[in-house]
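Asker: Have a look at this one.
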Amino acid sequence: MAPMRSTRTTTANELRKALLDRAVREILAVAAQPGFYGNVSVELAVQDGVIQHVRQKVDRIER
């Protein structure tokens with residue numbers, strides 16, 4: 001297995017890391033409530049070490 005490299009530092013990556021932090025906080029605010037049933041996820045699309053997209057999904061189960 002190849003050794004891990006450190007995160008590529010680019011202006012785009014720094015911006016996307018801030019977006020990732022915000023996305024995690026937002027979905028936790030939704031999901032960590034009494035009465036929430038479902039799944040939450042954050043997805044990163046990465047090309048050549050550069051974060052392209054941060055996506056968040058909330059799938060709520062109605063009970």
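Every chain in the structure tokens has a letter given in the order shown (A, B, ...), and although residue numbers restart at 1 in each chain, ligands are simply numbered from 1 in the order shown.
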According to DSSP computed on the backbone, where in segment 14-54 of chain A is there strand (DSSP E or B)? Give the residues as an mmCIF file with N, CA and C atoms, in the first residue's frame.
Answerer:
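Result written to part.cif:
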```cif
data_model
loop_
_atom_site.group_PDB
_atom_site.id
_atom_site.type_symbol
_atom_site.label_atom_id
_atom_site.label_comp_id
_atom_site.auth_asym_id
_atom_site.auth_seq_id
_atom_site.Cartn_x
_atom_site.Cartn_y
_atom_site.Cartn_z
ATOM 1 N N GLY A 38 -34.095 8.499 9.930
ATOM 2 C CA GLY A 38 -33.629 8.498 8.550
ATOM 3 C C GLY A 38 -32.125 8.436 8.468
ATOM 4 N N ASN A 39 -31.609 8.898 7.360
ATOM 5 C CA ASN A 39 -30.174 8.876 7.086
ATOM 6 C C ASN A 39 -29.708 10.252 6.646
ATOM 7 N N VAL A 40 -28.497 10.582 7.037
ATOM 8 C CA VAL A 40 -27.859 11.807 6.555
ATOM 9 C C VAL A 40 -26.473 11.428 6.046
ATOM 10 N N SER A 41 -26.007 12.161 5.049
ATOM 11 C CA SER A 41 -24.671 11.882 4.529
ATOM 12 C C SER A 41 -24.068 13.135 3.923
ATOM 13 N N VAL A 42 -22.750 13.136 3.897
ATOM 14 C CA VAL A 42 -21.990 14.174 3.209
ATOM 15 C C VAL A 42 -21.090 13.448 2.221
ATOM 16 N N GLU A 43 -21.074 13.918 0.996
ATOM 17 C CA GLU A 43 -20.292 13.283 -0.068
ATOM 18 C C GLU A 43 -19.309 14.296 -0.645
ATOM 19 N N LEU A 44 -18.073 13.862 -0.834
ATOM 20 C CA LEU A 44 -17.050 14.694 -1.467
ATOM 21 C C LEU A 44 -16.702 14.096 -2.825
ATOM 22 N N ALA A 45 -16.658 14.932 -3.829
ATOM 23 C CA ALA A 45 -16.149 14.515 -5.135
ATOM 24 C C ALA A 45 -14.747 15.108 -5.265
ATOM 25 N N VAL A 46 -13.757 14.237 -5.503
ATOM 26 C CA VAL A 46 -12.368 14.670 -5.540
ATOM 27 C C VAL A 46 -11.730 14.235 -6.856
ATOM 28 N N GLN A 47 -10.997 15.144 -7.468
ATOM 29 C CA GLN A 47 -10.251 14.820 -8.688
ATOM 30 C C GLN A 47 -8.825 15.315 -8.523
ATOM 31 N N VAL A 50 -8.009 17.456 -5.555
ATOM 32 C CA VAL A 50 -8.741 18.723 -5.396
ATOM 33 C C VAL A 50 -10.211 18.400 -5.175
ATOM 34 N N ILE A 51 -10.767 18.914 -4.090
ATOM 35 C CA ILE A 51 -12.176 18.696 -3.777
ATOM 36 C C ILE A 51 -13.013 19.488 -4.773
ATOM 37 N N GLN A 52 -13.872 18.778 -5.506
ATOM 38 C CA GLN A 52 -14.696 19.417 -6.525
ATOM 39 C C GLN A 52 -16.055 19.845 -5.989
ATOM 40 N N HIS A 53 -16.708 18.953 -5.230
ATOM 41 C CA HIS A 53 -18.063 19.215 -4.744
ATOM 42 C C HIS A 53 -18.221 18.678 -3.335
ATOM 43 N N VAL A 54 -19.046 19.369 -2.571
ATOM 44 C CA VAL A 54 -19.495 18.881 -1.271
ATOM 45 C C VAL A 54 -21.010 18.769 -1.371
#
```
Asker: Counting only C-alpha atoms, what is within 10 Å of Glu62 of chain A, bar same-chain residues fewer than 5 positions away, as a PyMOL selection string?
Answerer: chain A and resi 35-38
Asker: Which residues, written as a list in words, have at least one atom at most 12 Å from Arg22 of chain A, with only C-alpha atoms counted and residues fewer than 6 positions away on the same chain left out?
Answerer: Leu15, Arg16, Leu28, Ala29, Val42, Val54, Arg55 and Gln56 of chain A
Asker: With N, CA and C atoms retained, export the selected residues as a tab-separated table (two decimals), in the first residue's frame.
Answerer:
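Final output, again.tsv:
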```
chain	number	residue	atom	x	y	z
A	15	LEU	N	-11.54	26.43	0.57
A	15	LEU	CA	-12.94	26.84	0.48
A	15	LEU	C	-13.86	25.63	0.68
A	16	ARG	N	-13.54	24.52	0.03
A	16	ARG	CA	-14.38	23.33	0.13
A	16	ARG	C	-14.35	22.73	1.54
A	28	LEU	N	-26.18	17.75	11.02
A	28	LEU	CA	-26.28	17.32	12.42
A	28	LEU	C	-27.38	18.10	13.14
A	29	ALA	N	-27.53	19.37	12.81
A	29	ALA	CA	-28.59	20.17	13.43
A	29	ALA	C	-29.97	19.60	13.08
A	42	VAL	N	-22.75	13.14	3.90
A	42	VAL	CA	-21.99	14.17	3.21
A	42	VAL	C	-21.09	13.45	2.22
A	54	VAL	N	-19.05	19.37	-2.57
A	54	VAL	CA	-19.49	18.88	-1.27
A	54	VAL	C	-21.01	18.77	-1.37
A	55	ARG	N	-21.52	17.56	-1.19
A	55	ARG	CA	-22.97	17.35	-1.26
A	55	ARG	C	-23.46	16.83	0.08
A	56	GLN	N	-24.63	17.30	0.47
A	56	GLN	CA	-25.24	16.77	1.67
A	56	GLN	C	-26.62	16.22	1.34
```
Asker: For Gly49 of chain A, which of A:Ala12, A:Ile61, A:Ala32, A:Val24 is the closest residue, counting only C-alpha atoms?
Answerer: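 Of A:Ala12, A:Ile61, A:Ala32, A:Val24, the one nearest Gly49 of chain A is A:Ala12, counting only C-alpha atoms.
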Asker: Using the chain letters and numbers from this document, which residues of chain A does DSSP assign to alpha helix (DSSP H), as JSON, numbers by chain?
Answerer: {"A": [11, 12, 13, 14, 15, 16, 17, 18, 19, 20, 21, 22, 23, 24, 25, 26, 27, 28, 29, 30, 31]}
Asker: Could the residues in this selection be written to a file with C-alpha atoms, as a PDB file, in the first residue's frame?
Answerer:
```pdb
ATOM      1  CA  THR A  11      -7.416  27.802  -2.412  1.00  0.00           C
ATOM      2  CA  ALA A  12     -10.237  25.629  -3.763  1.00  0.00           C
ATOM      3  CA  ASN A  13      -9.587  22.929  -1.136  1.00  0.00           C
ATOM      4  CA  GLU A  14      -9.577  25.496   1.668  1.00  0.00           C
ATOM      5  CA  LEU A  15     -12.943  26.836   0.477  1.00  0.00           C
ATOM      6  CA  ARG A  16     -14.384  23.327   0.132  1.00  0.00           C
ATOM      7  CA  LYS A  17     -13.142  22.331   3.602  1.00  0.00           C
ATOM      8  CA  ALA A  18     -15.068  25.288   5.021  1.00  0.00           C
ATOM      9  CA  LEU A  19     -18.136  24.143   3.043  1.00  0.00           C
ATOM     10  CA  LEU A  20     -17.664  20.608   4.380  1.00  0.00           C
ATOM     11  CA  ASP A  21     -17.548  21.873   7.949  1.00  0.00           C
ATOM     12  CA  ARG A  22     -20.735  23.884   7.405  1.00  0.00           C
ATOM     13  CA  ALA A  23     -22.494  20.929   5.723  1.00  0.00           C
ATOM     14  CA  VAL A  24     -21.714  18.597   8.633  1.00  0.00           C
ATOM     15  CA  ARG A  25     -22.967  21.143  11.158  1.00  0.00           C
ATOM     16  CA  GLU A  26     -26.175  21.693   9.164  1.00  0.00           C
ATOM     17  CA  ILE A  27     -27.078  18.027   8.775  1.00  0.00           C
ATOM     18  CA  LEU A  28     -26.284  17.320  12.416  1.00  0.00           C
ATOM     19  CA  ALA A  29     -28.590  20.166  13.432  1.00  0.00           C
ATOM     20  CA  VAL A  30     -31.382  18.487  11.451  1.00  0.00           C
ATOM     21  CA  ALA A  31     -30.656  14.873  12.388  1.00  0.00           C
TER      22      ALA A  31
END
```
